[in-house]
Amino acid sequence: MNPHFERAQLLFQQSRFDHAEESLRRSLAADPDHAWSHALLALCLLHSKEYQEATAEAERAIGASPDLPVAHYALASVFLARNRPEDAEKVAKQAVELNPYDADLHQLLGATYMELRRWPSALEEAEEGLRLDAEHSGCANLKAMALVKLGRKEEASLMMEGVLARDPEDAYSHANQGWTALHESDPQKALIHFREALRLDPTLEFAQAGMVEALKARYWIYRQMLRWFLWMESIGQKWQWGIILLIFFGTKFVRQAADNNPNLGMVLWPIYGVLVGFAVMTWLANPLFNLMLRLNRFGKHILTSDQKWGANAVGLCLLLALGMLAYGLIEDDLIAVYMAIACGVYLLVLAALFQVPKGLPRYGMAVAAVVLAGIAIYAFHLIYSSLDLPRDALRAQAKEGFTLLYSFYFPGVLIYSIVANVLGQVRFENR
C-alpha cells in the first residue's frame, strides 16, 4: 500500500489535517486515480473550509471508484457543510445503499435529515446506526438531538448520560448534553457541560455557541426568550411563519379593537403592550444580552466577532437614545424626545443586521441600514432647521420632516426587520 496514504490515515485520525493533506497530495502524485486518497483529501479540505476544492476532490473520488462508499460519504459531508442538505441527502442515500451496515453512513444520512428538519427520519437513521454499533457515539448524539426536537427531552438526557459514562472525554457529547440541558431550561447544568467540552476542545463551535446561550440564560428574561427560540427551531418553517403572522395581525387587531372600543381599553391596551413588547424582545434579546456579556470580563471572550460587533452597535445606539431622551426631558425639547424614539427604533435595524448571513446579503442589508439612518438624519435636520423659519415655512418644512419619518423611516425599519428575518432563514451556499 502507498506509504504516504498510510501516514495520511494516521494523521487524519489524530485530527492533524494539514499534515494529512500534505501526505495525501504526495499519495496522489504517485497514484492520481487513488479514490481513497481523493476522498480523504476532500475531508481534510473540508476542515479548512476550502469548499470548492473539497467538492472537486470528492467528485474525483467518485469518478475513480463509483462503488466506494467513503467517496460518497466525503461528497455528502461537503454538501452538508456547504448548506446543500438536499444534495447531501441524495449522495448519503447512495452511500448507505452501497454499504447499509456502516453506522457512520447512517449517522451522516441522519445529519442531513436534521438539517432538513425531518426529525423522525433522523431518529430512525440514528437508531439503525446504533443497532449496527451500540456504542457509536455519533449516532447516540444524533439520536439525542432528534429526541430533543421531538419533545422527548428526558430520553435525550438519559441517552447522553449513557454516552458520557462510556466516554467522559468526548467534547461533542458534553456540548450536546449542554444543549439538552438548555432545552430543559437548566442553564447551570448546561454551563458545566459546555465548560468541560471547551476544556477538551477549545475550538468546538457547537460548544462555544452553547456557552454563550447558557451564560445569557442565567437571566430570567432571556431564559424565557431562549425557550421560545428553541421551541420555534423545533417546528417547521411553515408553522414558524404562521405563528409570526398570527402575532403580527393579532397585534394589529388588538390595537384596532382598543381604538374602536374605549370601554375595553383597560384590558386591550395592556394586551397590546405585551404583544408589542414580546415582538420587540424577539428581535432585541440576543444583541442586548450579548451586550451584557460584552461588558463581562469572562463573557466577552466567548462571543463571536459578529456577536461583538452587534453588541457594540446596539450598545452605542442605546446610549445615544438614552442621552437624547435625557436631554429632551431636561430641556423640555420634544424634538429631542422624537429623536430618542427614532434612535431606539433603529436598534431593531442593528439587531437584525448581524443576524443576516455574511457576504452579499449582509452587504445589501448594510447599505439599506445606512439609507434608513440617512432618512432619519435628514428628517430631523429639516425639523430642527425649520425652527428658524417664518411660521408658514416652518410648518411646511417640519411637515416634510415628519412625513419622511412616518411614511419612510418607521415603515422602512419594520420592512427591514422582516427582510432580515427572512434572509436569516434562507440557506446560502458556502463557497
# chains A, B, ... in the order shown; residues from 1 in each chain; ligands from 1
call {"tool": "residues_around", "arguments": {"residues": "stretch 194-209 of chain A", "least_positions_apart": "5", "cutoff": "6 Å", "atoms": "only C-alpha atoms", "output": "PyMOL selection string"}}
result
chain A and resi 171+174-175+178
call {"tool": "write_last_selection", "arguments": {"atoms": "N, CA and C atoms", "output": "mmCIF file, in the first residue's frame"}}
result
data_model
loop_
_atom_site.group_PDB
_atom_site.id
_atom_site.type_symbol
_atom_site.label_atom_id
_atom_site.label_comp_id
_atom_site.auth_asym_id
_atom_site.auth_seq_id
_atom_site.Cartn_x
_atom_site.Cartn_y
_atom_site.Cartn_z
ATOM 1 N N ALA A 171 -15.737 15.639 23.778
ATOM 2 C CA ALA A 171 -16.125 17.056 23.842
ATOM 3 C C ALA A 171 -17.494 17.287 23.210
ATOM 4 N N HIS A 174 -20.336 16.211 25.472
ATOM 5 C CA HIS A 174 -20.573 17.169 26.551
ATOM 6 C C HIS A 174 -21.352 18.383 26.021
ATOM 7 N N ALA A 175 -20.973 18.856 24.831
ATOM 8 C CA ALA A 175 -21.676 20.003 24.257
ATOM 9 C C ALA A 175 -23.135 19.658 23.969
ATOM 10 N N GLY A 178 -25.036 19.671 27.025
ATOM 11 C CA GLY A 178 -25.283 21.062 27.412
ATOM 12 C C GLY A 178 -26.494 21.638 26.702
#
call {"tool": "residues_around", "arguments": {"residues": "stretch 94-110 of chain A", "least_positions_apart": "6", "cutoff": "9 Å", "atoms": "only C-alpha atoms", "output": "PyMOL selection string"}}
result
chain A and resi 67-73+76-77+88+118-119+121-133+136+138-139+142-143
call {"tool": "residues_around", "arguments": {"residues": "A:Thr403", "least_positions_apart": "6", "cutoff": "10 Å", "atoms": "only C-alpha atoms", "output": "PDB file with N, CA and C atoms, in the first residue's frame"}}
result
ATOM      1  N   ALA A 379     -34.438  63.906   8.013  1.00  0.00           N
ATOM      2  CA  ALA A 379     -35.750  64.326   8.516  1.00  0.00           C
ATOM      3  C   ALA A 379     -35.602  65.246   9.718  1.00  0.00           C
ATOM      4  N   GLN A 397     -41.913  72.883   6.219  1.00  0.00           N
ATOM      5  CA  GLN A 397     -40.674  72.112   6.302  1.00  0.00           C
ATOM      6  C   GLN A 397     -40.740  71.062   7.408  1.00  0.00           C
ATOM      7  N   TYR A 409     -39.288  56.221   7.211  1.00  0.00           N
ATOM      8  CA  TYR A 409     -38.347  55.675   8.178  1.00  0.00           C
ATOM      9  C   TYR A 409     -38.961  54.560   9.021  1.00  0.00           C
TER      10      TYR A 409
END
call {"tool": "residues_around", "arguments": {"residues": "A:Leu322", "least_positions_apart": "4", "cutoff": "12 Å", "atoms": "only C-alpha atoms", "output": "list in words"}}
result
Gly315, Leu316, Cys317, Leu318, Ala326, Tyr327, Gly328, Leu329, Ala336, Val337, Tyr338, Met339, Ala340, Ile341, Ala342, Cys343 and Gly344 of chain A
call {"tool": "atom_distance", "arguments": {"atom1": "atom CA of A:Leu350", "atom2": "atom CA of A:Leu230"}}
result
22.4 Å
call {"tool": "residues_around", "arguments": {"residues": "stretch 245-254 of chain A", "least_positions_apart": "4", "cutoff": "12 Å", "atoms": "only C-alpha atoms", "output": "ChimeraX atom specification"}}
result
/A:238-241,258-261,264-265,267-280,282,414,418
call {"tool": "closest_atom_pairs", "arguments": {"of": "stretch 328-419 of chain A", "to": "stretch 293-312 of chain A", "cutoff": "8 Å", "atoms": "only C-alpha atoms", "output": "CSV"}}
result
residue,atom,partner,partner_atom,distance
A:Leu350,CA,A:Gly310,CA,6.8
A:Ala351,CA,A:Gly310,CA,6.5
A:Leu353,CA,A:Gly310,CA,7.9
A:Phe354,CA,A:Gly310,CA,5.9
call {"tool": "residues_around", "arguments": {"residues": "A:Lys216", "least_positions_apart": "2", "cutoff": "10 Å", "atoms": "only C-alpha atoms", "output": "list in words"}}
result
Pro187, Gly210, Met211, Val212, Glu213, Ala214, Arg218, Tyr219, Trp220, Ile221, Tyr222, Arg223, Leu226, Ala285, Asn286, Leu288, Phe289, Asn290, Met292, Leu293 and Gly299 of chain A
call {"tool": "atom_distance", "arguments": {"atom1": "atom CA of A:Ala140", "atom2": "atom CA of A:Gly162"}}
result
9.1 Å
call {"tool": "closest_residue", "arguments": {"among": "A:Val314, A:Arg26, A:Gly424, A:Ala181", "to": "A:Arg362", "atoms": "only C-alpha atoms"}}
result
A:Gly424
call {"tool": "decode", "arguments": {"residues": "stretch 124-184 of chain A", "atoms": "C-alpha atoms", "output": "PDB file, in the first residue's frame"}}
result
ATOM      1  CA  GLU A 124     -34.760   6.356  12.515  1.00  0.00           C
ATOM      2  CA  GLU A 125     -31.273   6.597  10.976  1.00  0.00           C
ATOM      3  CA  ALA A 126     -29.670   7.113  14.389  1.00  0.00           C
ATOM      4  CA  GLU A 127     -31.411   4.045  15.775  1.00  0.00           C
ATOM      5  CA  GLU A 128     -30.366   1.987  12.769  1.00  0.00           C
ATOM      6  CA  GLY A 129     -26.772   3.066  13.298  1.00  0.00           C
ATOM      7  CA  LEU A 130     -26.981   2.110  16.976  1.00  0.00           C
ATOM      8  CA  ARG A 131     -28.442  -1.277  16.015  1.00  0.00           C
ATOM      9  CA  LEU A 132     -25.303  -1.855  13.956  1.00  0.00           C
ATOM     10  CA  ASP A 133     -22.957  -0.422  16.587  1.00  0.00           C
ATOM     11  CA  ALA A 134     -24.499   0.012  20.035  1.00  0.00           C
ATOM     12  CA  GLU A 135     -21.632   2.221  21.244  1.00  0.00           C
ATOM     13  CA  HIS A 136     -21.444   4.545  18.231  1.00  0.00           C
ATOM     14  CA  SER A 137     -21.199   7.968  19.902  1.00  0.00           C
ATOM     15  CA  GLY A 138     -22.085   9.850  16.707  1.00  0.00           C
ATOM     16  CA  CYS A 139     -25.376   8.003  16.295  1.00  0.00           C
ATOM     17  CA  ALA A 140     -26.091   8.348  20.019  1.00  0.00           C
ATOM     18  CA  ASN A 141     -25.573  12.111  19.800  1.00  0.00           C
ATOM     19  CA  LEU A 142     -27.735  12.257  16.701  1.00  0.00           C
ATOM     20  CA  LYS A 143     -30.490  10.281  18.448  1.00  0.00           C
ATOM     21  CA  ALA A 144     -30.402  12.640  21.427  1.00  0.00           C
ATOM     22  CA  MET A 145     -30.694  15.712  19.191  1.00  0.00           C
ATOM     23  CA  ALA A 146     -33.619  14.182  17.310  1.00  0.00           C
ATOM     24  CA  LEU A 147     -35.348  13.254  20.581  1.00  0.00           C
ATOM     25  CA  VAL A 148     -34.995  16.841  21.816  1.00  0.00           C
ATOM     26  CA  LYS A 149     -36.579  18.193  18.633  1.00  0.00           C
ATOM     27  CA  LEU A 150     -39.416  15.700  19.039  1.00  0.00           C
ATOM     28  CA  GLY A 151     -40.029  16.922  22.587  1.00  0.00           C
ATOM     29  CA  ARG A 152     -38.634  13.799  24.287  1.00  0.00           C
ATOM     30  CA  LYS A 153     -36.072  15.689  26.368  1.00  0.00           C
ATOM     31  CA  GLU A 154     -35.814  13.272  29.305  1.00  0.00           C
ATOM     32  CA  GLU A 155     -34.997  10.397  26.952  1.00  0.00           C
ATOM     33  CA  ALA A 156     -32.365  12.549  25.277  1.00  0.00           C
ATOM     34  CA  SER A 157     -30.766  13.437  28.603  1.00  0.00           C
ATOM     35  CA  LEU A 158     -30.620   9.777  29.660  1.00  0.00           C
ATOM     36  CA  MET A 159     -29.135   8.868  26.289  1.00  0.00           C
ATOM     37  CA  MET A 160     -26.343  11.444  26.697  1.00  0.00           C
ATOM     38  CA  GLU A 161     -25.641  10.362  30.267  1.00  0.00           C
ATOM     39  CA  GLY A 162     -25.011   6.865  28.937  1.00  0.00           C
ATOM     40  CA  VAL A 163     -22.713   8.165  26.186  1.00  0.00           C
ATOM     41  CA  LEU A 164     -20.686  10.236  28.658  1.00  0.00           C
ATOM     42  CA  ALA A 165     -20.467   7.318  31.072  1.00  0.00           C
ATOM     43  CA  ARG A 166     -18.760   5.311  28.307  1.00  0.00           C
ATOM     44  CA  ASP A 167     -16.571   8.194  27.108  1.00  0.00           C
ATOM     45  CA  PRO A 168     -16.322  11.122  29.541  1.00  0.00           C
ATOM     46  CA  GLU A 169     -13.617  12.745  27.369  1.00  0.00           C
ATOM     47  CA  ASP A 170     -15.875  13.281  24.333  1.00  0.00           C
ATOM     48  CA  ALA A 171     -16.125  17.056  23.842  1.00  0.00           C
ATOM     49  CA  TYR A 172     -19.005  16.880  21.361  1.00  0.00           C
ATOM     50  CA  SER A 173     -21.074  14.705  23.701  1.00  0.00           C
ATOM     51  CA  HIS A 174     -20.573  17.169  26.551  1.00  0.00           C
ATOM     52  CA  ALA A 175     -21.676  20.003  24.257  1.00  0.00           C
ATOM     53  CA  ASN A 176     -24.718  18.025  23.149  1.00  0.00           C
ATOM     54  CA  GLN A 177     -25.651  17.327  26.776  1.00  0.00           C
ATOM     55  CA  GLY A 178     -25.283  21.062  27.412  1.00  0.00           C
ATOM     56  CA  TRP A 179     -27.766  21.877  24.657  1.00  0.00           C
ATOM     57  CA  THR A 180     -30.124  19.229  26.002  1.00  0.00           C
ATOM     58  CA  ALA A 181     -29.941  20.938  29.407  1.00  0.00           C
ATOM     59  CA  LEU A 182     -30.745  24.292  27.768  1.00  0.00           C
ATOM     60  CA  HIS A 183     -33.851  22.744  26.216  1.00  0.00           C
ATOM     61  CA  GLU A 184     -34.774  21.653  29.738  1.00  0.00           C
TER      62      GLU A 184
END
